[in-house]
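> Contents of final_8.cif (mmCIF, C-alpha atoms and all ligand atoms) are given next:
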data_entry
loop_
_atom_site.label_atom_id
_atom_site.label_comp_id
_atom_site.auth_asym_id
_atom_site.auth_seq_id
_atom_site.Cartn_x
_atom_site.Cartn_y
_atom_site.Cartn_z
CA MET A 24 0.00 0.00 0.00
CA ASN A 25 1.10 3.51 -0.77
CA PHE A 26 0.40 5.85 2.15
CA GLU A 27 1.24 9.05 0.31
CA ILE A 28 -1.59 11.56 0.00
CA ASP A 29 -1.70 13.22 -3.40
CA GLU A 30 -1.97 16.98 -3.77
CA ALA A 31 -5.67 17.06 -4.79
CA THR A 32 -6.63 14.94 -1.75
CA ARG A 33 -4.51 17.06 0.57
CA VAL A 34 -6.18 20.24 -0.70
CA ARG A 35 -9.65 18.68 -0.34
CA LEU A 36 -8.82 17.60 3.23
CA GLU A 37 -7.79 21.18 4.00
CA VAL A 38 -11.12 22.45 2.66
CA ILE A 39 -13.03 19.90 4.78
CA ARG A 40 -10.99 20.97 7.82
CA GLU A 41 -11.66 24.65 7.24
CA ARG A 42 -15.38 24.18 6.63
CA GLY A 43 -15.53 21.72 9.50
CA ARG A 44 -14.18 24.30 11.90
CA SER A 45 -16.18 27.27 10.66
CA GLU A 46 -19.45 25.65 9.62
CA VAL A 47 -19.98 21.94 10.28
CA ARG A 48 -19.13 21.73 13.97
CA PRO A 49 -21.18 24.80 14.96
CA ILE A 50 -24.23 23.45 13.04
CA GLY A 51 -23.82 20.02 14.67
CA LEU A 52 -23.56 21.52 18.15
CA GLU A 53 -26.66 23.61 17.51
CA ALA A 54 -28.67 20.59 16.30
CA ASP A 55 -27.56 18.68 19.40
CA ARG A 56 -28.54 21.55 21.69
CA LEU A 57 -31.96 21.86 20.04
CA GLY A 58 -32.35 18.06 19.89
CA ARG A 59 -33.66 18.02 16.32
CA PRO A 60 -32.37 17.32 12.78
CA ILE A 61 -31.17 20.23 10.60
CA PRO A 62 -34.35 21.39 8.80
CA VAL A 63 -34.64 20.68 5.06
CA GLU A 64 -34.90 24.40 4.30
CA ASP A 65 -31.75 25.32 6.25
CA PRO A 66 -29.58 27.59 4.03
CA TYR A 67 -26.58 25.38 4.88
CA PHE A 68 -27.95 22.70 2.52
CA SER A 69 -28.53 25.16 -0.36
CA ARG A 70 -24.99 26.48 0.08
CA LEU A 71 -23.65 22.93 -0.29
CA VAL A 72 -25.63 22.40 -3.50
CA GLU A 73 -24.40 25.74 -4.90
CA ARG A 74 -20.84 24.59 -4.20
CA GLY A 75 -21.43 21.44 -6.26
CA GLU A 76 -21.87 19.00 -3.36
CA GLY A 77 -24.56 16.35 -3.01
CA ARG A 78 -23.98 14.96 -6.50
CA THR A 79 -24.04 11.38 -7.68
CA ARG A 80 -20.90 9.46 -8.61
CA TRP A 81 -22.80 8.21 -11.66
CA PRO A 82 -21.16 9.92 -14.66
CA GLY A 83 -24.39 10.37 -16.62
CA PRO A 84 -26.56 8.70 -19.26
CA THR A 85 -24.13 8.73 -22.18
CA ALA A 86 -21.29 7.11 -20.24
CA GLY A 87 -20.78 3.47 -21.12
CA LYS A 88 -22.48 3.99 -24.46
CA GLY A 89 -19.39 5.44 -26.10
CA GLY A 90 -20.29 8.92 -24.87
CA LYS A 91 -18.16 11.40 -23.04
CA GLY A 92 -19.52 10.86 -19.57
CA GLY A 93 -22.93 12.46 -19.54
CA PRO A 94 -24.11 16.03 -19.46
CA GLU A 95 -21.60 18.64 -18.54
CA ARG A 96 -21.68 19.59 -14.88
CA LYS A 97 -20.71 23.11 -14.00
CA GLY A 98 -18.33 23.36 -11.07
CA GLY A 99 -18.59 19.66 -10.37
CA PRO A 100 -16.47 17.89 -7.81
CA GLY A 101 -14.26 16.24 -10.47
CA PRO A 102 -13.59 12.50 -10.84
CA SER A 103 -14.94 10.11 -8.21
CA PRO A 104 -12.46 9.53 -5.41
CA THR A 105 -11.13 6.04 -4.67
CA THR A 106 -12.42 4.19 -1.60
CA VAL A 107 -9.17 4.94 0.22
CA THR A 108 -9.52 8.66 -0.50
CA THR A 109 -13.19 8.55 0.51
CA LEU A 110 -12.16 7.01 3.83
CA LEU A 111 -9.77 9.90 4.47
CA PHE A 112 -12.56 12.38 3.68
CA VAL A 113 -15.22 10.71 5.84
CA GLU A 114 -12.81 10.39 8.76
CA GLU A 115 -12.18 14.11 8.57
CA LEU A 116 -15.88 14.93 8.15
CA ALA A 117 -16.78 12.84 11.19
CA TYR A 118 -14.02 14.57 13.15
CA TRP A 119 -16.07 17.76 12.81
CA ASP A 120 -19.54 16.21 13.04
CA ARG A 121 -20.70 12.81 11.88
CA GLY A 122 -24.38 13.71 12.26
CA VAL A 123 -24.00 16.68 9.91
CA MET A 124 -22.06 14.49 7.48
CA VAL A 125 -25.02 12.10 7.19
CA ALA A 126 -27.48 15.01 7.00
CA ASN A 127 -25.69 16.41 3.94
CA PRO A 128 -27.71 16.06 0.72
CA GLY A 129 -26.85 13.29 -1.72
CA VAL A 130 -27.83 9.77 -2.79
CA GLY A 131 -26.07 8.33 0.26
CA LEU A 132 -26.21 4.67 1.17
CA PRO A 133 -28.16 3.22 -1.81
CA GLU A 134 -25.90 4.74 -4.45
CA GLY A 135 -23.60 1.69 -4.52
CA ASN A 136 -26.57 -0.66 -5.06
CA VAL A 137 -28.01 1.40 -7.87
CA LEU A 138 -24.63 1.72 -9.59
CA ALA A 139 -23.97 -2.01 -9.28
CA MET A 140 -27.44 -3.38 -10.00
CA GLY A 141 -29.64 -0.68 -11.50
CA THR A 142 -30.69 -0.73 -15.14
CA GLU A 143 -29.59 2.20 -17.32
CA GLU A 144 -33.18 3.48 -17.24
CA GLN A 145 -33.20 3.33 -13.42
CA LYS A 146 -29.88 5.18 -13.17
CA GLU A 147 -31.26 7.87 -15.42
CA ARG A 148 -34.53 8.16 -13.49
CA PHE A 149 -33.22 7.95 -9.95
CA LEU A 150 -29.61 9.18 -10.14
CA GLY A 151 -30.16 11.65 -12.99
CA PRO A 152 -31.67 14.35 -10.70
CA PHE A 153 -28.51 14.11 -8.57
CA LEU A 154 -26.15 14.89 -11.47
CA SER A 155 -26.50 18.66 -11.03
CA PRO A 156 -29.21 18.98 -8.40
CA ASP A 157 -31.37 22.10 -8.62
CA ARG A 158 -32.04 21.89 -4.85
CA PRO A 159 -30.88 19.78 -1.92
CA ARG A 160 -31.98 16.22 -2.67
CA TRP A 161 -31.72 13.08 -0.58
CA ALA A 162 -32.26 9.37 -1.07
CA CYS A 163 -32.02 6.54 1.45
CA PHE A 164 -31.88 2.80 1.96
CA ALA A 165 -34.47 1.08 4.17
CA MET A 166 -33.67 -2.36 5.50
CA THR A 167 -34.23 -2.29 9.28
CA GLU A 168 -37.66 -3.11 10.71
CA PRO A 169 -39.02 -3.13 14.25
CA GLY A 170 -38.53 -6.94 14.28
CA ALA A 171 -35.47 -7.28 12.02
CA GLY A 172 -32.19 -5.50 12.70
CA SER A 173 -29.10 -7.69 12.87
CA ASP A 174 -30.96 -10.56 11.25
CA ALA A 175 -31.63 -8.70 8.03
CA ALA A 176 -32.77 -11.92 6.38
CA ALA A 177 -35.83 -11.86 8.69
CA ILE A 178 -37.50 -8.75 7.26
CA GLN A 179 -41.28 -8.97 6.91
CA THR A 180 -42.07 -6.09 4.56
CA SER A 181 -43.86 -7.88 1.74
CA ALA A 182 -43.87 -7.37 -2.01
CA ARG A 183 -46.71 -8.88 -4.04
CA ARG A 184 -46.92 -8.79 -7.83
CA ASP A 185 -50.07 -7.09 -9.07
CA GLY A 186 -50.45 -6.72 -12.84
CA ASP A 187 -47.77 -4.35 -14.07
CA GLY A 188 -46.70 -3.32 -10.58
CA TRP A 189 -45.89 -4.42 -7.07
CA ILE A 190 -47.79 -3.88 -3.82
CA LEU A 191 -45.64 -3.27 -0.75
CA ASN A 192 -46.76 -3.63 2.87
CA GLY A 193 -44.70 -3.27 6.00
CA ALA A 194 -42.91 -0.97 8.41
CA LYS A 195 -39.33 0.31 8.53
CA CYS A 196 -37.50 2.08 11.34
CA PHE A 197 -34.36 4.12 12.04
CA ILE A 198 -33.93 5.00 8.36
CA GLY A 199 -31.55 7.93 7.82
CA ASN A 200 -33.09 10.93 5.99
CA ALA A 201 -36.25 8.96 5.06
CA SER A 202 -38.87 11.70 5.31
CA ARG A 203 -36.84 14.14 3.16
CA SER A 204 -35.79 11.62 0.50
CA ASP A 205 -36.90 11.88 -3.14
CA TRP A 206 -36.96 8.09 -3.16
CA ILE A 207 -36.33 5.26 -0.73
CA LEU A 208 -34.76 1.97 -1.76
CA VAL A 209 -36.96 -0.41 0.23
CA GLN A 210 -35.87 -3.97 0.91
CA ALA A 211 -38.87 -6.33 0.87
CA THR A 212 -39.57 -10.03 0.62
CA LEU A 213 -41.73 -12.09 -1.72
CA ASP A 214 -42.02 -14.75 0.96
CA PRO A 215 -40.73 -14.28 4.52
CA THR A 216 -40.35 -18.06 4.95
CA LYS A 217 -37.83 -18.24 2.09
CA GLY A 218 -35.09 -16.04 3.60
CA ARG A 219 -32.55 -14.11 1.61
CA GLY A 220 -33.28 -15.49 -1.84
CA ALA A 221 -36.81 -14.05 -1.75
CA GLN A 222 -35.70 -10.49 -1.07
CA ARG A 223 -36.04 -7.67 -3.58
CA ALA A 224 -35.29 -3.95 -3.50
CA PHE A 225 -37.79 -1.36 -4.79
CA PHE A 226 -37.58 2.34 -5.50
CA VAL A 227 -40.45 4.01 -3.66
CA GLU A 228 -40.82 7.65 -4.62
CA ARG A 229 -41.91 10.37 -2.26
CA GLY A 230 -45.66 10.95 -2.48
CA THR A 231 -46.47 7.39 -3.57
CA PRO A 232 -49.91 6.61 -2.06
CA GLY A 233 -49.50 4.23 0.89
CA LEU A 234 -46.04 5.52 1.86
CA GLY A 235 -46.47 7.48 5.06
CA GLY A 236 -46.57 7.55 8.86
CA PHE A 237 -43.13 9.23 8.97
CA ARG A 238 -41.96 9.63 12.55
CA ILE A 239 -38.54 10.95 13.49
CA GLU A 240 -37.05 8.70 16.17
CA LYS A 241 -35.61 9.98 19.42
CA LYS A 242 -31.84 9.39 19.42
CA MET A 243 -29.14 9.66 22.09
CA GLY A 244 -26.72 11.30 19.62
CA LEU A 245 -26.15 12.23 15.98
CA LYS A 246 -29.12 14.54 16.23
CA ALA A 247 -28.22 16.61 13.17
CA TYR A 248 -29.80 14.04 10.82
CA GLU A 249 -33.14 12.34 11.01
CA SER A 250 -33.56 8.63 11.67
CA THR A 251 -37.14 7.93 10.73
CA SER A 252 -39.71 5.17 10.88
CA PHE A 253 -42.43 4.85 8.24
CA THR A 254 -45.05 2.47 6.92
CA LEU A 255 -45.99 1.05 3.54
CA GLN A 256 -49.70 0.29 3.27
CA ASP A 257 -50.80 -1.24 -0.02
CA CYS A 258 -48.15 0.96 -1.56
CA ARG A 259 -48.15 0.36 -5.31
CA VAL A 260 -44.98 0.88 -7.36
CA PRO A 261 -44.51 0.20 -11.09
CA ALA A 262 -42.70 -2.97 -12.19
CA ALA A 263 -39.93 -0.69 -13.50
CA ASN A 264 -39.12 0.22 -9.86
CA LEU A 265 -37.76 -3.23 -9.03
CA LEU A 266 -34.00 -2.65 -8.70
CA GLY A 267 -32.19 -4.28 -11.61
CA GLY A 268 -35.35 -5.63 -13.22
CA GLU A 269 -36.79 -9.14 -12.76
CA GLU A 270 -33.98 -10.94 -14.57
CA ARG A 271 -31.43 -9.76 -12.00
CA TYR A 272 -33.29 -11.76 -9.38
CA GLU A 273 -33.21 -15.12 -11.07
CA LYS A 274 -30.21 -15.79 -8.79
CA PRO A 275 -30.49 -14.88 -5.08
CA ALA A 276 -29.22 -11.38 -5.75
CA GLY A 277 -31.76 -9.39 -3.74
CA PHE A 278 -30.14 -9.97 -0.40
CA GLU A 279 -26.65 -9.93 -1.87
CA SER A 280 -27.38 -6.48 -3.24
CA ALA A 281 -28.15 -5.22 0.25
CA MET A 282 -25.04 -6.86 1.64
CA ARG A 283 -22.93 -5.22 -1.04
CA VAL A 284 -23.85 -1.87 0.47
CA PHE A 285 -22.75 -3.06 3.84
CA ASN A 286 -19.38 -4.31 2.65
CA ALA A 287 -18.66 -0.92 1.15
CA GLY A 288 -20.19 0.86 4.12
CA ARG A 289 -18.44 -0.83 7.02
CA PRO A 290 -15.02 0.77 6.50
CA ILE A 291 -16.78 4.12 6.11
CA VAL A 292 -18.52 3.75 9.47
CA ALA A 293 -15.19 2.58 10.90
CA ALA A 294 -13.39 5.67 9.53
CA ASN A 295 -16.16 7.81 11.04
CA ALA A 296 -15.45 6.23 14.44
CA VAL A 297 -11.73 6.98 14.05
CA GLY A 298 -12.54 10.62 13.22
CA MET A 299 -14.82 10.96 16.24
CA GLY A 300 -12.24 9.28 18.49
CA ARG A 301 -9.56 11.67 17.20
CA ALA A 302 -11.81 14.65 17.97
CA ALA A 303 -12.33 13.34 21.52
CA LEU A 304 -8.58 12.79 21.92
CA ASP A 305 -7.74 16.32 20.78
CA GLU A 306 -10.35 17.77 23.14
CA SER A 307 -9.04 15.56 25.96
CA LEU A 308 -5.48 16.75 25.40
CA ASP A 309 -6.63 20.39 25.46
CA PHE A 310 -8.63 19.82 28.63
CA ALA A 311 -5.81 17.92 30.34
CA ARG A 312 -3.36 20.68 29.41
CA GLU A 313 -5.65 23.42 30.70
CA HIS A 314 -6.27 21.56 33.97
CA ASP A 315 -2.68 20.50 34.65
CA LEU A 316 -3.42 16.80 34.27
CA LEU A 317 -0.48 16.00 32.00
CA GLY A 318 2.03 15.83 34.85
CA ASP A 319 0.52 12.45 35.75
CA ALA A 320 2.32 9.61 33.90
CA ARG A 321 -0.79 7.40 34.04
CA THR A 322 -2.86 10.08 32.28
CA ARG A 323 -0.18 10.50 29.62
CA ASP A 324 -0.05 6.75 29.17
CA ARG A 325 -3.82 6.48 28.71
CA LEU A 326 -3.85 9.30 26.19
CA GLU A 327 -0.98 7.75 24.25
CA ARG A 328 -2.74 4.38 24.23
CA ALA A 329 -5.89 5.96 22.76
CA ALA A 330 -3.81 7.74 20.09
CA ARG A 331 -2.01 4.49 19.21
CA LYS A 332 -5.24 2.49 18.94
CA LEU A 333 -6.84 5.13 16.73
CA LYS A 334 -3.88 4.92 14.36
CA MET A 335 -4.14 1.12 14.28
CA ALA A 336 -7.86 1.33 13.52
CA ARG A 337 -7.19 3.78 10.70
CA LEU A 338 -4.76 1.33 9.11
CA LEU A 339 -7.43 -1.38 9.18
CA CYS A 340 -9.88 0.98 7.45
CA LEU A 341 -7.38 1.88 4.76
CA ARG A 342 -6.55 -1.77 4.14
CA ALA A 343 -10.27 -2.62 3.71
CA GLY A 344 -10.64 0.33 1.32
CA TRP A 345 -7.47 -0.57 -0.58
CA LEU A 346 -8.89 -4.06 -1.24
CA ALA A 347 -12.24 -2.59 -2.32
CA ASP A 348 -10.45 -0.32 -4.79
CA ARG A 349 -8.88 -3.41 -6.33
CA GLN A 350 -12.23 -5.23 -6.31
CA ARG A 351 -10.72 -7.88 -4.08
CA PRO A 352 -12.75 -9.60 -1.35
CA ASN A 353 -12.71 -7.51 1.82
CA ILE A 354 -15.37 -9.12 4.01
CA VAL A 355 -13.02 -9.89 6.89
CA GLU A 356 -11.11 -6.61 6.60
CA ALA A 357 -14.32 -4.55 6.38
CA SER A 358 -15.76 -6.28 9.45
CA MET A 359 -12.44 -6.05 11.31
CA SER A 360 -12.10 -2.34 10.63
CA LYS A 361 -15.57 -1.68 12.00
CA ALA A 362 -15.32 -4.05 14.99
CA VAL A 363 -12.03 -2.45 16.05
CA ALA A 364 -12.66 1.20 15.15
CA ALA A 365 -16.09 1.42 16.80
CA GLN A 366 -14.60 0.08 20.02
CA VAL A 367 -11.52 2.30 19.87
CA GLY A 368 -13.68 5.34 19.15
CA GLN A 369 -15.81 4.54 22.18
CA GLU A 370 -12.70 4.07 24.32
CA ALA A 371 -11.31 7.46 23.29
CA THR A 372 -14.55 9.30 24.09
CA SER A 373 -14.91 7.35 27.33
CA LEU A 374 -11.38 8.33 28.39
CA GLY A 375 -12.28 11.94 27.63
CA MET A 376 -15.36 11.68 29.84
CA GLU A 377 -13.24 10.34 32.71
CA LEU A 378 -10.79 13.20 32.40
CA LEU A 379 -13.63 15.74 32.32
CA GLY A 380 -15.14 14.40 35.55
CA THR A 381 -18.03 16.59 36.67
CA VAL A 382 -17.54 18.88 33.66
CA GLY A 383 -18.61 15.97 31.45
CA ALA A 384 -21.56 15.15 33.68
CA ARG A 385 -23.05 18.60 33.01
CA GLY A 386 -23.80 17.48 29.45
CA ASP A 387 -22.64 20.54 27.54
CA HIS A 388 -19.07 19.61 26.59
CA LEU A 389 -18.12 18.47 23.08
CA ILE A 390 -16.59 15.25 24.46
CA GLU A 391 -19.91 14.38 26.08
CA LYS A 392 -21.63 14.84 22.70
CA LEU A 393 -19.00 12.69 20.98
CA TYR A 394 -19.51 10.04 23.70
CA ARG A 395 -23.22 9.87 22.76
CA ASP A 396 -22.59 10.19 19.00
CA VAL A 397 -19.97 7.46 18.67
CA LYS A 398 -22.11 4.67 20.17
CA ALA A 399 -24.05 4.34 16.93
CA MET A 400 -20.83 3.37 15.10
CA ASP A 401 -21.04 0.07 16.96
CA LEU A 402 -24.68 -0.42 15.88
CA VAL A 403 -25.19 0.69 12.29
CA GLU A 404 -24.42 -1.61 9.38
CA GLY A 405 -23.93 -4.59 11.64
CA THR A 406 -23.25 -4.44 15.37
CA GLY A 407 -19.87 -5.29 16.85
CA GLN A 408 -21.14 -8.78 17.76
CA ILE A 409 -22.27 -9.38 14.19
CA GLN A 410 -18.87 -8.30 12.81
CA ARG A 411 -17.17 -10.74 15.19
CA ILE A 412 -19.53 -13.54 14.16
CA ILE A 413 -18.71 -12.90 10.47
CA MET A 414 -14.96 -12.95 11.13
CA ALA A 415 -15.10 -16.06 13.31
CA ARG A 416 -17.15 -17.99 10.73
CA LYS A 417 -14.69 -16.99 8.02
CA LEU A 418 -11.73 -17.99 10.21
CA VAL A 419 -13.00 -21.55 10.60
CA GLY A 420 -14.20 -21.84 7.02
CA LEU A 421 -17.97 -21.69 7.56
CA PRO A 422 -20.15 -19.90 4.97
CA ARG A 423 -21.80 -16.64 6.00
CA SER A 424 -24.94 -17.54 8.00
C1 LIG B 1 -28.32 5.97 14.50
C2 LIG B 1 -28.82 4.80 13.70
C3 LIG B 1 -28.99 4.92 12.31
C4 LIG B 1 -29.47 3.86 11.53
N1 LIG B 1 -29.68 4.03 10.19
C5 LIG B 1 -30.22 3.01 9.45
C6 LIG B 1 -30.54 3.18 8.05
O1 LIG B 1 -30.32 4.26 7.47
N2 LIG B 1 -31.09 2.16 7.36
C7 LIG B 1 -31.36 0.96 7.96
O2 LIG B 1 -31.87 0.06 7.30
N3 LIG B 1 -31.09 0.76 9.30
C8 LIG B 1 -30.53 1.76 10.04
N4 LIG B 1 -30.27 1.58 11.40
C9 LIG B 1 -30.60 0.31 12.03
C10 LIG B 1 -29.36 -0.51 12.38
O3 LIG B 1 -28.84 -1.08 11.21
C11 LIG B 1 -29.78 -1.55 13.42
O4 LIG B 1 -29.95 -0.86 14.64
C12 LIG B 1 -28.77 -2.67 13.58
O5 LIG B 1 -28.80 -3.51 12.46
C13 LIG B 1 -29.05 -3.51 14.84
O6 LIG B 1 -30.34 -3.97 14.83
P1 LIG B 1 -31.28 -3.86 16.14
O7 LIG B 1 -31.15 -2.45 16.63
O8 LIG B 1 -32.63 -4.34 15.78
O9 LIG B 1 -30.61 -4.79 17.20
P2 LIG B 1 -30.80 -6.37 17.34
O10 LIG B 1 -30.55 -7.06 16.06
O11 LIG B 1 -32.10 -6.65 18.01
O12 LIG B 1 -29.62 -6.72 18.33
C14 LIG B 1 -29.69 -6.45 19.74
C15 LIG B 1 -28.39 -6.96 20.37
O13 LIG B 1 -28.26 -8.37 20.15
C16 LIG B 1 -27.02 -8.66 19.50
N5 LIG B 1 -27.24 -9.77 18.57
C17 LIG B 1 -28.17 -9.86 17.58
N6 LIG B 1 -28.04 -11.04 16.92
C18 LIG B 1 -26.99 -11.67 17.49
C19 LIG B 1 -26.35 -12.93 17.25
N7 LIG B 1 -26.76 -13.76 16.27
N8 LIG B 1 -25.31 -13.29 18.04
C20 LIG B 1 -24.86 -12.45 19.03
N9 LIG B 1 -25.43 -11.25 19.31
C21 LIG B 1 -26.47 -10.87 18.54
C22 LIG B 1 -26.68 -7.38 18.76
O14 LIG B 1 -25.28 -7.31 18.52
C23 LIG B 1 -27.14 -6.34 19.74
O15 LIG B 1 -26.17 -6.13 20.73
C24 LIG B 1 -29.79 2.63 12.17
C25 LIG B 1 -29.61 2.50 13.56
C26 LIG B 1 -29.13 3.55 14.32
C27 LIG B 1 -28.93 3.37 15.82
#
As structure tokens - that is how I would like this structure written.
Ligand SMILES: Cc1cc2nc3c(=O)[nH]c(=O)nc-3n(C[C@H](O)[C@H](O)[C@H](O)COP(=O)(O)OP(=O)(O)OC[C@H]3O[C@@H](n4cnc5c(N)ncnc54)[C@H](O)[C@@H]3O)c2cc1C


Amino acid sequence: MNFEIDEATRVRLEVIRERGRSEVRPIGLEADRLGRPIPVEDPYFSRLVERGEGRTRWPGPTAGKGGKGGPERKGGPGPSPTTVTTLLFVEELAYWDRGVMVANPGVGLPEGNVLAMGTEEQKERFLGPFLSPDRPRWACFAMTEPGAGSDAAAIQTSARRDGDGWILNGAKCFIGNASRSDWILVQATLDPTKGRGAQRAFFVERGTPGLGGFRIEKKMGLKAYESTSFTLQDCRVPAANLLGGEERYEKPAGFESAMRVFNAGRPIVAANAVGMGRAALDESLDFAREHDLLGDARTRDRLERAARKLKMARLLCLRAGWLADRQRPNIVEASMSKAVAAQVGQEATSLGMELLGTVGARGDHLIEKLYRDVKAMDLVEGTGQIQRIIMARKLVGLPRS
């Protein structure tokens, strides 16, 4: 692996750092204080869109057909970064505020699925509006249900064929940005007794009759973005909204498609945890300096240990990303990066809380916010236990359960 950071990446990291300091962290702190997600109409989102953020990685409809890469985009962000570069960016973004990072407009989690599995017509319909968005736009991926979290194969949301469409029924919960999304990629099953092979993913557009009951969940942290539950009641979508079209599902690809997102997503969540842990460490060092705690060798030792573990976790993230960039299997590395980084991030914030003492208990210090925010890194996209189960099965040569 080459650890050098090229000039374009270095400049971009500087920009993230500058905006993080001046804009992202203050907005995140405000959302936390108010205990609500950043409103859709907040000028912060429009500013991002004006700057050319929130765009899809999809190059456009003429790409792949001998074209030049789709319609010209004014002031676009340039070529798509590699996974390794993305990991550096998301670590830095989470350093300033992971909740704001997820609140930012864009296709988000389902983009990888649509790029990998979507038909050209679906890319045009669902990613096209994100090429040069005229306003802040969001999309999201809905897998989790009140009765199916870790065991994603147990989802109950049903899909029934009806003429030239599908009827969806079910309930989803904790879905990031759901109520503000232009469309939701909903994971459903044709038959809940048949497990993964019977799963399909459907584009459900905002305003589709039967999609409703949006309720923003109460969360302990990451308050800048909404995690939302909703229901699908006899919600009819056209046949063309089945991700990849029917032929893609002749093999058990529905569940695999969802898992593909997770394999790409785990190192990103892990890098987020490293960024949040680094933020807590920097704040802890400042606090310890200001309060004359650094004379104590044990305190220095604990701070050094946190710094060392964060660096180790970052290396695991980069290794998982490096494999993904080479399209090499990264299941173990992706799980390992997340299992380790989420824990290390929690340790760093927890150490900060101990150093703060009663200052932390008051609930208005950045470290206390990071302590609440970082917990979700151990939950989303597979809990720590689930990552360890995956790695242990792989170690002894068992197939993924
Ligand atoms: C902030 C936040 C944002 C989220 N965003 C999204 C989103 O955008 N889209 C989406 O689809 N979902 C989202 N989720 C849901 C998330 O993916 C689930 O919370 C996660 O999969 C865990 O599921 P669960 O909460 O139902 O816990 P459960 O699966 O009920 O697990 C409870 C506990 O049991 C353990 N456990 C479960 N099974 C086993 C096992 N076989 N062996 C050992 N231990 C086990 C778990 O590790 C955990 O500690 C979000 C959640 C949070 C907290």

> Using only C-alpha atoms and all ligand atoms, I'd like a table of the residues in chain A that come within 7 Å of ligand LIG 1 (chain B); for each, show the closest atom pair and its distance in Å rounded to one decimal, ordered by chain and ascending number, as a Markdown table.


| residue | atom | partner | partner_atom | distance |
| --- | --- | --- | --- | --- |
| A:Cys163 | CA | B:LIG1 | O1 | 6.7 |
| A:Phe164 | CA | B:LIG1 | N2 | 5.5 |
| A:Ala165 | CA | B:LIG1 | O2 | 4.2 |
| A:Met166 | CA | B:LIG1 | O2 | 3.5 |
| A:Thr167 | CA | B:LIG1 | O2 | 3.9 |
| A:Pro169 | CA | B:LIG1 | O8 | 6.7 |
| A:Gly170 | CA | B:LIG1 | O8 | 6.6 |
| A:Ala171 | CA | B:LIG1 | O8 | 5.6 |
| A:Gly172 | CA | B:LIG1 | O6 | 3.2 |
| A:Ser173 | CA | B:LIG1 | O10 | 3.6 |
| A:Asp174 | CA | B:LIG1 | O10 | 6.0 |
| A:Cys196 | CA | B:LIG1 | N3 | 6.9 |
| A:Phe197 | CA | B:LIG1 | C24 | 4.8 |
| A:Ile198 | CA | B:LIG1 | O1 | 3.8 |
| A:Gly199 | CA | B:LIG1 | O1 | 3.9 |
| A:Lys242 | CA | B:LIG1 | C1 | 6.9 |
| A:Leu245 | CA | B:LIG1 | C1 | 6.8 |
| A:Ser250 | CA | B:LIG1 | C3 | 5.9 |
| A:Ala399 | CA | B:LIG1 | C27 | 5.1 |
| A:Leu402 | CA | B:LIG1 | C12 | 5.2 |
| A:Val403 | CA | B:LIG1 | O3 | 4.2 |
| A:Glu404 | CA | B:LIG1 | O3 | 4.8 |
| A:Gly405 | CA | B:LIG1 | O5 | 5.1 |
| A:Thr406 | CA | B:LIG1 | O14 | 4.7 |
| A:Gly407 | CA | B:LIG1 | O14 | 6.0 |
| A:Gln408 | CA | B:LIG1 | O14 | 4.5 |
| A:Ile409 | CA | B:LIG1 | O14 | 5.7 |
| A:Ile412 | CA | B:LIG1 | N8 | 7.0 |

> Using 12 Å as the limit and counting all atoms listed in the file, can you tabulate each residue of region 184-250 of chain A that touches region 389-398 of chain A, with its shortest atom-to-atom distance in Å and the two atoms involved, as a tab-separated table?


residue	atom	partner	partner_atom	distance
A:Lys242	CA	A:Arg395	CA	9.3
A:Met243	CA	A:Arg395	CA	6.0
A:Gly244	CA	A:Asp396	CA	4.3
A:Leu245	CA	A:Asp396	CA	5.1
A:Lys246	CA	A:Asp396	CA	8.3
A:Ala247	CA	A:Asp396	CA	10.3
A:Tyr248	CA	A:Asp396	CA	11.6

> Which is closer to Ile39 (chain A) than all the others in A:Ile190, A:Leu326, A:Leu341, A:Leu116, using only C-alpha atoms?

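Using only C-alpha atoms, the shortest distance to Ile39 (chain A) belongs to A:Leu116.
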
> Can you measure CA of Arg70 (chain A) to CA of Val113 (chain A) for me? One decimal in Å is fine.

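If I compute the distance from CA of Arg70 (chain A) to CA of Val113 (chain A), I get 19.4 Å.
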
> Got a sec: who's within 9 Å of Arg337 (chain A), counting only C-alpha atoms, leaving out chain neighbours fewer than 4 positions off, as a ChimeraX atom specification?

/A:114,293-294,297,332-333,341-342,360,364

> Check the smallest atom-to-atom distance from each of A:Pro261, A:Pro66, A:Gly375, A:Gly380 to Trp189 (chain A) using all atoms listed in the file, then report the winner.

A:Pro261

> Would you compute, for all listed atoms of region 319-338 of chain A, the axis-aligned bounding box grown by 3 Å on each side, and then report its centre and edge lengths in Å rounded to one decimal, as JSON?


{"center_x": -2.8, "center_y": 6.8, "center_z": 22.4, "size_x": 16.2, "size_y": 17.3, "size_z": 32.6}

> So which one's closest to Val137 (chain A), A:Gly318, A:Gly186, A:Pro290, A:Gly268? Using all atoms listed in the file, please.

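Selected residue with least distance to Val137 (chain A): A:Gly268.
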
> Rank A:Ala303, A:Leu266, A:Val107, A:Ile28 by their smallest atom-to-atom distance to Arg349 (chain A), using all atoms listed in the file, and report the top residue only.

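Smallest separation from Arg349 (chain A) among the options: A:Val107.
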
> Counting all atoms listed in the file, give me one row per residue of region 150-242 of chain A with an atom at most 12 Å from an atom of region 141-146 of chain A, showing the shortest contact pair and its distance in Å to one decimal, sorted by chain then residue number, as a Markdown table.


| residue | atom | partner | partner_atom | distance |
| --- | --- | --- | --- | --- |
| A:Leu150 | CA | A:Lys146 | CA | 5.0 |
| A:Gly151 | CA | A:Lys146 | CA | 6.5 |
| A:Pro152 | CA | A:Lys146 | CA | 9.7 |
| A:Phe153 | CA | A:Lys146 | CA | 10.1 |
| A:Leu154 | CA | A:Lys146 | CA | 10.5 |
| A:Trp206 | CA | A:Gln145 | CA | 11.9 |
| A:Leu208 | CA | A:Gly141 | CA | 11.3 |
| A:Ala224 | CA | A:Gly141 | CA | 10.3 |
| A:Phe225 | CA | A:Gly141 | CA | 10.6 |
| A:Phe226 | CA | A:Gln145 | CA | 9.1 |
